[in-house]
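Asks: What follows is a single structure, and I will ask about it in a moment.
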There are 2 protein chains.
Amino acid sequence: MKIKKEVTIYDLAKELNYSPSTISRALNNHKSISKKTIKVIKEAAKEMGYRPNNLAAGLRNNRSNTIGILISRISRPFQASLISGIEETARKAGYSVLISQSNDKYENEVSNTNALYDSRITGLIVSLSMETVDMSHFQKFIDKGIPIVFVDRVPDNFNSYKVVIDNYTAGYSATKHLIEQGCKRIAHFAGAQHRNIYEERKKGYLDALKEYGLPIEKDLIIHFKTLSFEEGNKATKKLLKMSNPPDGIFSSNDTAAVSAIMCAKKMGVDVPHDLAVIGFNDDPIASIVQPSLSTVSHPANKMGAICARRILDHSVQNYDTDLSEITVLGTEIIVRDSSLKKVSVLESKQSR
Amino acid sequence: MKIKKEVTIYDLAKELNYSPSTISRALNNHKSISKKTIKVIKEAAKEMGYRPNNLAAGLRNNRSNTIGILISRISRPFQASLISGIEETARKAGYSVLISQSNDKYENEVSNTNALYDSRITGLIVSLSMETVDMSHFQKFIDKGIPIVFVDRVPDNFNSYKVVIDNYTAGYSATKHLIEQGCKRIAHFAGAQHRNIYEERKKGYLDALKEYGLPIEKDLIIHFKTLSFEEGNKATKKLLKMSNPPDGIFSSNDTAAVSAIMCAKKMGVDVPHDLAVIGFNDDPIASIVQPSLSTVSHPANKMGAICARRILDHSVQNYDTDLSEITVLGTEIIVRDSSLKKVSVLESKQSR
DNA sequence: TAAATTTATGCAATCGATGGCGATACCTAT
DNA sequence: ATAGGTATCGCCATCGATTGCATAAATTTA
């Protein structure tokens with residue numbers, strides 16, 4: 001097969017009798033090139049099918065107009081939305097997006113970090129793997145002034161940009177909601193406690209219990225490894241078989257919450273009356289399961305957009321590695337059927 | 001903030017008193033460099049924190065070891081799994097992955113195509129946008145010998161690599177399954193007919209009806225624009241209000257199928273006894289909805305892996321643009337509750 | 001021991017785009 | 001008409017890695 005030669009600015013230069021510099025400047029709308037010349041050059045470029053070589057420009061400028069993403073799993077709804085938000089924002093600004101997934105393994109995170117570094121990305125957006133504790137693989141970015149934005153699963157021992165939701169308040173509100181619905185013994189599906197998000201959700205849960213004078217029972221706090229459907233099933237079964245089972249569950253994600261609902265139904269436990277359930281994330285499954293799952297909604301797409309903005313707006317001049325710039329987003333409790341023990345205020349008023 | 005200087009092969013060369021050529025060759029395990037030298041150089045490289053500059057290498061070699069992905073929406077479960085499969089395979093081979101989404105708009109597809117081209121990707125994996133008809137924006141890749149793999153939503157007027165499932169057989173089998181369950185009037189939720197996947201699913205549906213001597217009723221074939229939840233709701237409502245409503249629905253995706261189930265339940269129509277439903281894709285919601293949704297499962301992750309392999313194994317020498325190399329994957333009918341009118345063979349035997 | 005190989009390494013050009021600095025032509029004001 | 005501006009544009013070095021060709025050293029063969 002015959003391969004067409006690439007059209008470069010040199011070809012354009014020869015064709016139009018200009019120097020390559022002028023071609024380059026014209027294509028970049030440099031002010032020292034006359035409008036007429038710019039027009040001529042751009043038209044010829046289009047005509048001849050010229051396409052810039054980002055590798056060459058990137059090498060010369062030492063930047064690639066590329067944002068790197070490092071997440072655990074693309075196929076999780078939250079992370080997919082996050083990527084989507086990043087991609088849209090980046091694309092609009094003329095940036096490309098490199099993705100990589102760690103599958104929640106530290107080892108993959110390290111090697112992907114290196115691969116992204118080698119591609120000379122403009123900035124890096126990271127949601128930490130479940131395993132990550134040591135953060136030294138990120139140091140090289142800092143040393144080079146390449147901004148890192150940690151999102152959702154962020155470290156607390158590393159200064160950088162961070163974009164998170166208020167997990168504490170979300171956990172507190174979710175628990176409070178269950179309490180207000182009349183729950184007295186609320187269980188919690190907790191995630192790995194070295195990851196901020198799970199730790200804070202749990203803290204919110206604990207504080208809500210305290211606030212309302214409910215006892216904290218160790219047996220009702222289940223520590224999950226992955227918050228999977230299977231784990232949720234097992235935990236729910238165990239909880240419901242207790243002599244004194246809980247009347248509410250606050251789960252750190254929707255997958256486990258949905259499994260709890262389905263497990264309870266199978267065991268003949270009525271949701272929400274015998275067991276109210278609230279999840280976290282507002283995944284698509286939340287509104288499909290019956291009874292529909294109350295949950296905490298994450299502005300995932302928006303978080304992605306903010307992360308990308310952070311990179312795009314980053315200026316090396318003001319980069320201060322001694323502090324973290326944290327963006328905290330609010331969440332929203334989505335009340336559906338799985339937690340509605342009482343008729344709503346509105347309905348109760350009407351029924352008088 | 002102070003920015004650390006990059007370590008290059010020139011720095012290594014100076015430090016070790018070798019020429020940059022030797023450094024380069026040593027790092028790439030070139031055979032003409034002695035093992036001893038390679039070891040020394042590699043150790044020094046690690047020591048000094050050397051990291052290759054992919055931009056420079058890419059410019060020189062005119063290839064970037066990067067695979068470009070162009071899909072419609074990352075946040076659709078099927079596409080997310082597809083990306084995941086691509087990423088895993090590419091990463092293992094030392095390739096990076098650039099993503100972009102068209103949001104099903106032709107215009108975005110064209111501009112993203114250009115952006116990916118400018119990044120000098122090694123190959124391109126595409127699932128066409130809903131709108132795409134004209135294919136000329138892909139020509140420049142062909143001209144340069146850059147392989148394109150179309151996946152799932154593929155063109156039929158453009159020669160290239162293609163990776164698809166057997167949509168016709170899947171549509172046929174899904175319909176046949178409903179017929180075997182005793183359905184006599186089966187409706188079909190069809191997608192945009194200029195996209196192969198929807199066209200073929202419909203063909204399979206039609207042929208199954210013919211095969212079993214069932215009449216084809218135009219009123220029972222609904223052409224959707226996006227196969228969204230809302231569209232599904234509207235269509236189902238309309239169908240069930242007919243004087244002679246259908247007793248089965250074969251939907252071209254799960255979202256619309258789930259909406260049909262939920263709508264039917266709301267209208268007091270029993271699923272599956274009054275209305276059997278089967279979807280397509282096996283999204284997570286399929287196993288959550290009640291009754292659980294029978295569907296056609298797609299090997300999304302595997303498809304992604306195959307696409308990536310196609311790019312990695314591509315050899316310019318044998319690239320024949322006059323023919324298409326098509327990989328067709330099988331699908332599987334997942335029978336759940338939404339289509340099970342009859343007790344299964346196994347159960348009926350046991351009940352004797 | 002001289003010649004022929006083999007092994008190990010260096011020289012220098014190259015990939016395409018960019019931008020500092022300098023050069024030229026054209027204008028305006030005095 | 002001359003000095004000082006300004007608008008346009010070209011020369012050339014540069015970014016970091018790669019590789020064909022040449023060369024030098026070590027080893028084998030005749």
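In the structure tokens, chains take the letters A, B, ... in the order shown, each chain's residues start at 1, and ligands count up from 1 in the order shown.
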Using only C-alpha atoms (C1' of nucleotides), tabulate the residues of chain A lying at most 9 Å from any atom of chain D, each with its closest atom pair and that distance in Å to one decimal, by chain and increasing residue number, as a Markdown table.
Replies:
| residue | atom | partner | partner_atom | distance |
| --- | --- | --- | --- | --- |
| A:Tyr18 | CA | D:DC9 | C1' | 8.2 |
| A:Ser19 | CA | D:DG10 | C1' | 6.1 |
| A:Pro20 | CA | D:DG10 | C1' | 8.7 |
| A:Ser21 | CA | D:DG10 | C1' | 7.5 |
| A:Thr22 | CA | D:DC9 | C1' | 6.6 |
| A:Ser32 | CA | D:DT8 | C1' | 6.4 |
| A:Ile33 | CA | D:DT8 | C1' | 6.0 |
| A:Ser34 | CA | D:DT8 | C1' | 6.9 |
| A:Ala56 | CA | D:DC15 | C1' | 8.5 |
| A:Gly58 | CA | D:DC15 | C1' | 8.6 |
| A:Leu59 | CA | D:DC15 | C1' | 5.3 |
| A:Arg60 | CA | D:DC15 | C1' | 4.3 |
| A:Asn61 | CA | D:DC15 | C1' | 7.2 |
| A:Asn62 | CA | D:DC15 | C1' | 7.2 |
Asks: Return as a list of chain:residue names the residues belonging to chain B that are within 6 Å of chain A, counting only C-alpha atoms.
Replies: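 For chain B, the answer reads B:Ile3, B:Lys4, B:Pro52, B:Asn53, B:Asn54, B:Leu55, B:Ala56, B:Leu59, B:Ile74, B:Ser75, B:Ala80, B:Ser81, B:Val97, B:Leu98, B:Ile99, B:Asp118, B:Ser119, B:Asp143, B:Lys144, B:Gly145, B:Ile285, B:Ile288, B:Val289.
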Asks: If you keep N, CA, C and O atoms, can you produce a file of those selected residues as a compact mmCIF listing (two decimals), in the first residue's frame?
Replies:
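Saved as out.txt:
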# COMPACT_ATOMS: atom_id res chain seq x y z
N ILE B 3 11.49 24.72 38.89
CA ILE B 3 11.20 23.53 38.10
C ILE B 3 12.46 22.76 37.79
O ILE B 3 13.44 23.30 37.27
N LYS B 4 12.43 21.52 38.16
CA LYS B 4 13.60 20.67 37.91
C LYS B 4 13.79 20.45 36.43
O LYS B 4 12.83 20.24 35.69
N PRO B 52 11.97 8.63 29.46
CA PRO B 52 11.98 8.92 28.02
C PRO B 52 10.97 9.99 27.66
O PRO B 52 9.94 10.13 28.32
N ASN B 53 11.25 10.71 26.62
CA ASN B 53 10.32 11.71 26.13
C ASN B 53 9.61 11.14 24.90
O ASN B 53 10.16 11.08 23.81
N ASN B 54 8.38 10.73 25.14
CA ASN B 54 7.63 10.10 24.05
C ASN B 54 7.39 11.04 22.88
O ASN B 54 7.22 10.59 21.74
N LEU B 55 7.33 12.31 23.15
CA LEU B 55 7.09 13.25 22.07
C LEU B 55 8.26 13.24 21.11
O LEU B 55 8.09 13.21 19.89
N ALA B 56 9.45 13.27 21.69
CA ALA B 56 10.65 13.29 20.85
C ALA B 56 10.77 11.99 20.05
O ALA B 56 10.99 12.01 18.84
N LEU B 59 8.11 11.87 17.37
CA LEU B 59 8.41 12.74 16.22
C LEU B 59 9.41 12.07 15.31
O LEU B 59 9.22 12.00 14.09
N ILE B 74 -19.07 8.00 26.71
CA ILE B 74 -18.34 7.16 27.65
C ILE B 74 -19.25 6.58 28.71
O ILE B 74 -19.07 5.46 29.16
N SER B 75 -20.26 7.35 29.09
CA SER B 75 -21.04 6.91 30.25
C SER B 75 -22.10 5.86 29.93
O SER B 75 -22.87 5.50 30.80
N ALA B 80 -18.34 2.01 27.94
CA ALA B 80 -17.34 2.07 29.01
C ALA B 80 -16.57 0.74 29.07
O ALA B 80 -15.35 0.74 29.19
N SER B 81 -17.30 -0.36 28.94
CA SER B 81 -16.62 -1.67 28.97
C SER B 81 -15.72 -1.83 27.76
O SER B 81 -14.64 -2.41 27.84
N VAL B 97 -3.73 5.41 25.43
CA VAL B 97 -5.06 5.50 24.84
C VAL B 97 -5.63 6.91 24.95
O VAL B 97 -5.77 7.45 26.05
N LEU B 98 -5.92 7.49 23.82
CA LEU B 98 -6.57 8.81 23.77
C LEU B 98 -8.05 8.61 23.54
O LEU B 98 -8.44 7.88 22.63
N ILE B 99 -8.88 9.24 24.35
CA ILE B 99 -10.32 9.08 24.12
C ILE B 99 -10.98 10.37 23.70
O ILE B 99 -10.53 11.47 24.02
N ASP B 118 -4.03 14.65 14.41
CA ASP B 118 -2.93 15.56 14.73
C ASP B 118 -2.01 15.00 15.80
O ASP B 118 -0.85 15.38 15.89
N SER B 119 -2.54 14.12 16.61
CA SER B 119 -1.71 13.52 17.65
C SER B 119 -0.92 12.33 17.12
O SER B 119 -0.24 11.66 17.87
N ASP B 143 -5.13 7.05 3.92
CA ASP B 143 -4.05 7.54 3.04
C ASP B 143 -2.68 7.39 3.68
O ASP B 143 -1.67 7.20 3.01
N LYS B 144 -2.66 7.51 4.98
CA LYS B 144 -1.38 7.43 5.68
C LYS B 144 -1.08 6.02 6.17
O LYS B 144 -0.08 5.80 6.85
N GLY B 145 -1.96 5.08 5.87
CA GLY B 145 -1.72 3.72 6.31
C GLY B 145 -2.00 3.50 7.78
O GLY B 145 -1.53 2.53 8.37
N ILE B 285 -28.63 -2.43 34.87
CA ILE B 285 -30.04 -2.28 35.27
C ILE B 285 -30.87 -3.51 34.92
O ILE B 285 -31.90 -3.76 35.54
N ILE B 288 -31.39 -5.76 37.75
CA ILE B 288 -31.93 -5.11 38.95
C ILE B 288 -33.43 -4.89 38.85
O ILE B 288 -34.16 -5.01 39.83
N VAL B 289 -33.90 -4.58 37.67
CA VAL B 289 -35.32 -4.31 37.51
C VAL B 289 -36.13 -5.56 37.87
O VAL B 289 -35.62 -6.68 37.78
Asks: Find the residues near B:Pro299: any atom within 9 Å, counting only C-alpha atoms (C1' of nucleotides), skip ones fewer than 2 places away on the same chain, and give them as a list of chain:residue names.
Replies: B:Phe78, B:Ser81, B:Leu82, B:Ile165, B:Asn281, B:Ser297, B:Asn301, B:Lys302, B:Met303, B:Gly304, B:Leu329, B:Gly330, B:Thr331, B:Glu332
Asks: Since we have the selection now, will you write its residues out, keeping all heavy atoms, as a short mmCIF file (atom, residue, chain, number, x, y, z; two decimals), in the first residue's frame?
Replies:
data_model
loop_
_atom_site.label_atom_id
_atom_site.label_comp_id
_atom_site.auth_asym_id
_atom_site.auth_seq_id
_atom_site.Cartn_x
_atom_site.Cartn_y
_atom_site.Cartn_z
N PHE B 78 -22.07 -0.10 27.91
CA PHE B 78 -21.42 -0.88 26.88
C PHE B 78 -20.13 -0.22 26.40
O PHE B 78 -19.09 -0.86 26.27
CB PHE B 78 -22.37 -1.09 25.68
CG PHE B 78 -21.69 -1.66 24.48
CD1 PHE B 78 -21.24 -2.96 24.47
CD2 PHE B 78 -21.47 -0.87 23.36
CE1 PHE B 78 -20.59 -3.49 23.37
CE2 PHE B 78 -20.81 -1.38 22.25
CZ PHE B 78 -20.37 -2.69 22.26
N SER B 81 -17.30 -0.36 28.94
CA SER B 81 -16.62 -1.67 28.97
C SER B 81 -15.72 -1.83 27.76
O SER B 81 -14.64 -2.41 27.84
CB SER B 81 -17.64 -2.80 28.97
OG SER B 81 -18.40 -2.76 30.15
N LEU B 82 -16.18 -1.32 26.66
CA LEU B 82 -15.39 -1.38 25.43
C LEU B 82 -14.05 -0.67 25.64
O LEU B 82 -12.98 -1.22 25.38
CB LEU B 82 -16.18 -0.70 24.32
CG LEU B 82 -15.75 -0.90 22.89
CD1 LEU B 82 -15.96 -2.34 22.48
CD2 LEU B 82 -16.56 0.02 21.97
N ILE B 165 -20.89 -7.65 16.67
CA ILE B 165 -21.57 -8.87 17.08
C ILE B 165 -22.54 -9.22 15.96
O ILE B 165 -22.83 -8.39 15.10
CB ILE B 165 -22.34 -8.70 18.39
CG1 ILE B 165 -23.28 -7.49 18.27
CG2 ILE B 165 -21.39 -8.54 19.55
CD1 ILE B 165 -24.33 -7.47 19.32
N ASN B 281 -28.15 -5.75 25.40
CA ASN B 281 -26.90 -5.20 25.98
C ASN B 281 -26.49 -5.82 27.32
O ASN B 281 -25.32 -5.85 27.64
CB ASN B 281 -26.98 -3.69 26.20
CG ASN B 281 -26.76 -2.91 24.93
OD1 ASN B 281 -26.37 -3.48 23.90
ND2 ASN B 281 -26.99 -1.62 24.98
N SER B 297 -26.65 -10.51 25.66
CA SER B 297 -25.40 -9.99 26.21
C SER B 297 -24.32 -9.88 25.15
O SER B 297 -24.15 -10.72 24.29
CB SER B 297 -24.94 -10.84 27.39
OG SER B 297 -23.96 -11.74 26.98
N ASN B 301 -16.13 -6.09 26.72
CA ASN B 301 -14.72 -6.01 27.08
C ASN B 301 -13.86 -6.74 26.06
O ASN B 301 -12.82 -6.24 25.61
CB ASN B 301 -14.54 -6.62 28.46
CG ASN B 301 -13.52 -5.90 29.29
OD1 ASN B 301 -12.34 -6.10 29.09
ND2 ASN B 301 -13.97 -5.02 30.18
N LYS B 302 -14.32 -7.90 25.68
CA LYS B 302 -13.60 -8.71 24.71
C LYS B 302 -13.53 -8.00 23.35
O LYS B 302 -12.50 -8.03 22.68
CB LYS B 302 -14.32 -10.05 24.55
CG LYS B 302 -13.59 -11.07 23.72
CD LYS B 302 -14.33 -12.40 23.76
CE LYS B 302 -13.80 -13.39 22.74
NZ LYS B 302 -14.68 -14.58 22.66
N MET B 303 -14.62 -7.38 22.98
CA MET B 303 -14.62 -6.63 21.72
C MET B 303 -13.54 -5.56 21.75
O MET B 303 -12.82 -5.35 20.78
CB MET B 303 -15.98 -5.97 21.49
CG MET B 303 -17.06 -6.94 21.06
SD MET B 303 -18.67 -6.12 20.89
CE MET B 303 -18.56 -5.48 19.21
N GLY B 304 -13.46 -4.88 22.88
CA GLY B 304 -12.45 -3.84 23.02
C GLY B 304 -11.06 -4.43 22.86
O GLY B 304 -10.20 -3.88 22.15
N LEU B 329 -18.59 -11.44 16.50
CA LEU B 329 -18.64 -12.15 17.77
C LEU B 329 -20.06 -12.64 18.04
O LEU B 329 -21.03 -12.00 17.66
CB LEU B 329 -18.21 -11.23 18.91
CG LEU B 329 -16.79 -10.70 18.80
CD1 LEU B 329 -16.49 -9.73 19.93
CD2 LEU B 329 -15.81 -11.86 18.85
N GLY B 330 -20.14 -13.74 18.72
CA GLY B 330 -21.46 -14.27 19.07
C GLY B 330 -22.04 -13.56 20.28
O GLY B 330 -21.34 -12.89 21.03
N THR B 331 -23.34 -13.70 20.44
CA THR B 331 -23.99 -13.11 21.60
C THR B 331 -24.68 -14.21 22.36
O THR B 331 -24.70 -15.36 21.92
CB THR B 331 -25.06 -12.09 21.17
OG1 THR B 331 -25.98 -12.76 20.30
CG2 THR B 331 -24.44 -10.93 20.46
N GLU B 332 -25.26 -13.85 23.47
CA GLU B 332 -25.91 -14.86 24.28
C GLU B 332 -27.23 -14.31 24.77
O GLU B 332 -27.31 -13.16 25.23
CB GLU B 332 -25.00 -15.17 25.47
CG GLU B 332 -25.32 -16.47 26.16
CD GLU B 332 -24.43 -16.64 27.38
OE1 GLU B 332 -23.38 -15.96 27.46
OE2 GLU B 332 -24.79 -17.44 28.26
#
Asks: Could you produce a table of the residues of chain C lying within 12 Å of chain A, with the nearest pair of atoms per residue and their separation in Å rounded to one decimal, using only C-alpha atoms (C1' of nucleotides), ordered by chain and increasing residue number, as JSON lines?
Replies:
{"residue": "C:DC15", "atom": "C1'", "partner": "A:Ala56", "partner_atom": "CA", "distance": 7.7}
{"residue": "C:DG16", "atom": "C1'", "partner": "A:Ala56", "partner_atom": "CA", "distance": 5.0}
{"residue": "C:DA17", "atom": "C1'", "partner": "A:Ala57", "partner_atom": "CA", "distance": 4.9}
{"residue": "C:DT18", "atom": "C1'", "partner": "A:Arg60", "partner_atom": "CA", "distance": 6.5}
{"residue": "C:DG19", "atom": "C1'", "partner": "A:Ser21", "partner_atom": "CA", "distance": 8.3}
{"residue": "C:DG20", "atom": "C1'", "partner": "A:Ser21", "partner_atom": "CA", "distance": 11.8}
Asks: Leaving out A:Ala264 and any residue of its chain fewer than 3 positions from it, which residues lie within 9 Å of it when counting only C-alpha atoms (C1' of nucleotides), given as a PyMOL selection string?
Replies: chain A and resi 233+236-237+240+259-261+267-271+275
Asks: Using only C-alpha atoms (C1' of nucleotides), which residues sit within 10 Å of A:Val151 once same-chain residues fewer than 2 positions away are excluded, as a list in words?
Replies: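 Near A:Val151, the qualifying residues are Ile71, Leu82, Ile125, Val126, Ser127, Leu128, Ile148, Val149, Arg153, Val154, Pro155, Tyr161, Lys162, Val163, Val164, Ile165, Met303, Gly304, Ile306, Cys307, Ile326 and Thr327 of chain A.
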Asks: Select from stretch 26-197 of chain A everything DSSP, run on the backbone, classes as strand (DSSP E or B), then give the selection as a VMD selection string.
Replies: chain A and resid 66 to 71 96 to 101 123 to 126 148 to 151 161 to 165 186 to 190
Asks: Could you tell me, as number ranges by chain, which residues of stretch 199-279 of chain B DSSP assigns to helix (DSSP H, G or I) when given the backbone?
Replies: B: 199-211, 218-220, 229-240, 254-266
Asks: Could you take the residues named above and write them with N, CA and C atoms, as a CSV table (one decimal), in the first residue's frame?
Replies:
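Below is the file selection.csv, written as the result:
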chain,number,residue,atom,x,y,z
B,199,GLU,N,-30.6,-1.8,12.3
B,199,GLU,CA,-31.2,-2.4,11.1
B,199,GLU,C,-31.2,-3.9,11.1
B,200,GLU,N,-30.0,-4.4,11.5
B,200,GLU,CA,-29.9,-5.9,11.6
B,200,GLU,C,-30.7,-6.5,12.7
B,201,ARG,N,-30.8,-5.9,13.8
B,201,ARG,CA,-31.7,-6.4,14.8
B,201,ARG,C,-33.1,-6.5,14.4
B,202,LYS,N,-33.5,-5.5,13.6
B,202,LYS,CA,-34.8,-5.5,13.1
B,202,LYS,C,-35.1,-6.6,12.1
B,203,LYS,N,-34.1,-6.7,11.2
B,203,LYS,CA,-34.2,-7.8,10.2
B,203,LYS,C,-34.3,-9.1,10.9
B,204,GLY,N,-33.6,-9.4,11.9
B,204,GLY,CA,-33.6,-10.6,12.6
B,204,GLY,C,-35.0,-10.8,13.2
B,205,TYR,N,-35.6,-9.7,13.7
B,205,TYR,CA,-36.9,-9.8,14.3
B,205,TYR,C,-37.9,-10.1,13.2
B,206,LEU,N,-37.8,-9.4,12.1
B,206,LEU,CA,-38.8,-9.7,11.0
B,206,LEU,C,-38.7,-11.1,10.5
B,207,ASP,N,-37.5,-11.6,10.3
B,207,ASP,CA,-37.3,-12.9,9.8
B,207,ASP,C,-37.8,-14.0,10.7
B,208,ALA,N,-37.7,-13.7,12.0
B,208,ALA,CA,-38.2,-14.7,13.0
B,208,ALA,C,-39.7,-14.8,12.9
B,209,LEU,N,-40.3,-13.6,12.8
B,209,LEU,CA,-41.8,-13.6,12.7
B,209,LEU,C,-42.2,-14.4,11.4
B,210,LYS,N,-41.6,-14.1,10.3
B,210,LYS,CA,-41.9,-14.8,9.1
B,210,LYS,C,-41.7,-16.3,9.3
B,211,GLU,N,-40.6,-16.7,9.8
B,211,GLU,CA,-40.3,-18.1,10.0
B,211,GLU,C,-41.4,-18.8,10.7
B,218,LYS,N,-47.1,-3.3,11.1
B,218,LYS,CA,-46.4,-2.0,11.1
B,218,LYS,C,-46.6,-1.3,12.4
B,219,ASP,N,-47.8,-1.3,13.0
B,219,ASP,CA,-48.1,-0.6,14.2
B,219,ASP,C,-47.3,-1.1,15.4
B,220,LEU,N,-46.8,-2.3,15.3
B,220,LEU,CA,-46.0,-2.8,16.4
B,220,LEU,C,-44.5,-2.5,16.3
B,229,PHE,N,-35.1,6.3,28.0
B,229,PHE,CA,-36.1,5.8,28.9
B,229,PHE,C,-37.5,6.5,28.6
B,230,GLU,N,-37.4,7.8,28.4
B,230,GLU,CA,-38.6,8.6,28.1
B,230,GLU,C,-39.3,8.1,26.8
B,231,GLU,N,-38.5,7.9,25.8
B,231,GLU,CA,-39.1,7.4,24.6
B,231,GLU,C,-39.8,6.0,24.8
B,232,GLY,N,-39.1,5.2,25.6
B,232,GLY,CA,-39.6,3.9,25.8
B,232,GLY,C,-40.9,3.9,26.6
B,233,ASN,N,-41.0,4.8,27.5
B,233,ASN,CA,-42.2,5.0,28.3
B,233,ASN,C,-43.4,5.4,27.4
B,234,LYS,N,-43.1,6.4,26.5
B,234,LYS,CA,-44.2,6.9,25.7
B,234,LYS,C,-44.7,5.8,24.7
B,235,ALA,N,-43.7,5.1,24.1
B,235,ALA,CA,-44.0,4.0,23.2
B,235,ALA,C,-44.8,2.9,23.8
B,236,THR,N,-44.4,2.5,25.0
B,236,THR,CA,-45.1,1.4,25.7
B,236,THR,C,-46.5,1.8,26.1
B,237,LYS,N,-46.7,3.0,26.5
B,237,LYS,CA,-48.0,3.5,26.9
B,237,LYS,C,-48.9,3.4,25.7
B,238,LYS,N,-48.4,3.9,24.6
B,238,LYS,CA,-49.2,3.9,23.3
B,238,LYS,C,-49.5,2.5,22.9
B,239,LEU,N,-48.6,1.6,23.0
B,239,LEU,CA,-48.8,0.2,22.6
B,239,LEU,C,-49.9,-0.5,23.5
B,240,LEU,N,-49.8,-0.2,24.8
B,240,LEU,CA,-50.7,-0.9,25.7
B,240,LEU,C,-52.1,-0.4,25.7
B,254,ASP,N,-31.5,-2.0,26.5
B,254,ASP,CA,-32.1,-2.3,27.8
B,254,ASP,C,-32.8,-1.1,28.4
B,255,THR,N,-32.3,0.1,28.1
B,255,THR,CA,-32.9,1.2,28.7
B,255,THR,C,-34.4,1.3,28.4
B,256,ALA,N,-34.7,1.2,27.1
B,256,ALA,CA,-36.1,1.3,26.7
B,256,ALA,C,-36.8,0.0,27.2
B,257,ALA,N,-36.2,-1.1,27.2
B,257,ALA,CA,-36.9,-2.3,27.7
B,257,ALA,C,-37.3,-2.2,29.2
B,258,VAL,N,-36.4,-1.6,29.9
B,258,VAL,CA,-36.7,-1.4,31.4
B,258,VAL,C,-37.8,-0.5,31.5
B,259,SER,N,-37.8,0.6,30.7
B,259,SER,CA,-38.9,1.6,30.8
B,259,SER,C,-40.2,0.9,30.5
B,260,ALA,N,-40.2,0.0,29.5
B,260,ALA,CA,-41.4,-0.7,29.1
B,260,ALA,C,-41.9,-1.6,30.3
B,261,ILE,N,-41.0,-2.3,31.0
B,261,ILE,CA,-41.4,-3.1,32.1
B,261,ILE,C,-42.0,-2.2,33.2
B,262,MET,N,-41.4,-1.1,33.5
B,262,MET,CA,-41.9,-0.2,34.6
B,262,MET,C,-43.2,0.4,34.2
B,263,CYS,N,-43.3,0.8,32.9
B,263,CYS,CA,-44.5,1.4,32.5
B,263,CYS,C,-45.7,0.4,32.5
B,264,ALA,N,-45.4,-0.8,32.1
B,264,ALA,CA,-46.4,-1.9,32.1
B,264,ALA,C,-46.9,-2.1,33.5
B,265,LYS,N,-46.0,-2.2,34.4
B,265,LYS,CA,-46.3,-2.5,35.8
B,265,LYS,C,-47.3,-1.4,36.3
B,266,LYS,N,-46.9,-0.2,36.0
B,266,LYS,CA,-47.7,1.0,36.4
B,266,LYS,C,-49.1,0.9,35.9
Asks: Would you pick out the contacts of A:Gly191 at 9 Å or less, using only C-alpha atoms (C1' of nucleotides), so that residues sharing its chain but fewer than 2 positions from it are not included, and give the list as a ChimeraX atom specification?
Replies: /A:189,193-195,197-199,201-202,222-227,251-253
Asks: Just the selected residues (C-alpha atoms), exported as a short mmCIF file (atom, residue, chain, number, x, y, z; two decimals), in the first residue's frame, please.
Replies:
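This went into out_22.cif:
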data_model
loop_
_atom_site.label_atom_id
_atom_site.label_comp_id
_atom_site.auth_asym_id
_atom_site.auth_seq_id
_atom_site.Cartn_x
_atom_site.Cartn_y
_atom_site.Cartn_z
CA PHE A 189 -21.76 -0.38 55.07
CA GLN A 193 -11.02 3.32 55.91
CA HIS A 194 -7.73 4.55 54.53
CA ARG A 195 -9.61 6.12 51.64
CA ILE A 197 -14.33 9.15 51.15
CA TYR A 198 -15.29 6.11 53.15
CA GLU A 199 -13.72 7.34 56.31
CA ARG A 201 -18.92 9.03 55.27
CA LYS A 202 -18.53 6.87 58.31
CA ILE A 222 -19.68 -3.60 58.49
CA HIS A 223 -16.34 -2.92 56.88
CA PHE A 224 -16.36 -3.88 53.23
CA LYS A 225 -13.45 -4.58 51.03
CA THR A 226 -14.91 -3.62 47.68
CA LEU A 227 -18.56 -2.78 48.37
CA SER A 251 -24.46 2.07 52.51
CA SER A 252 -21.34 3.77 51.17
CA ASN A 253 -22.33 2.91 47.63
#
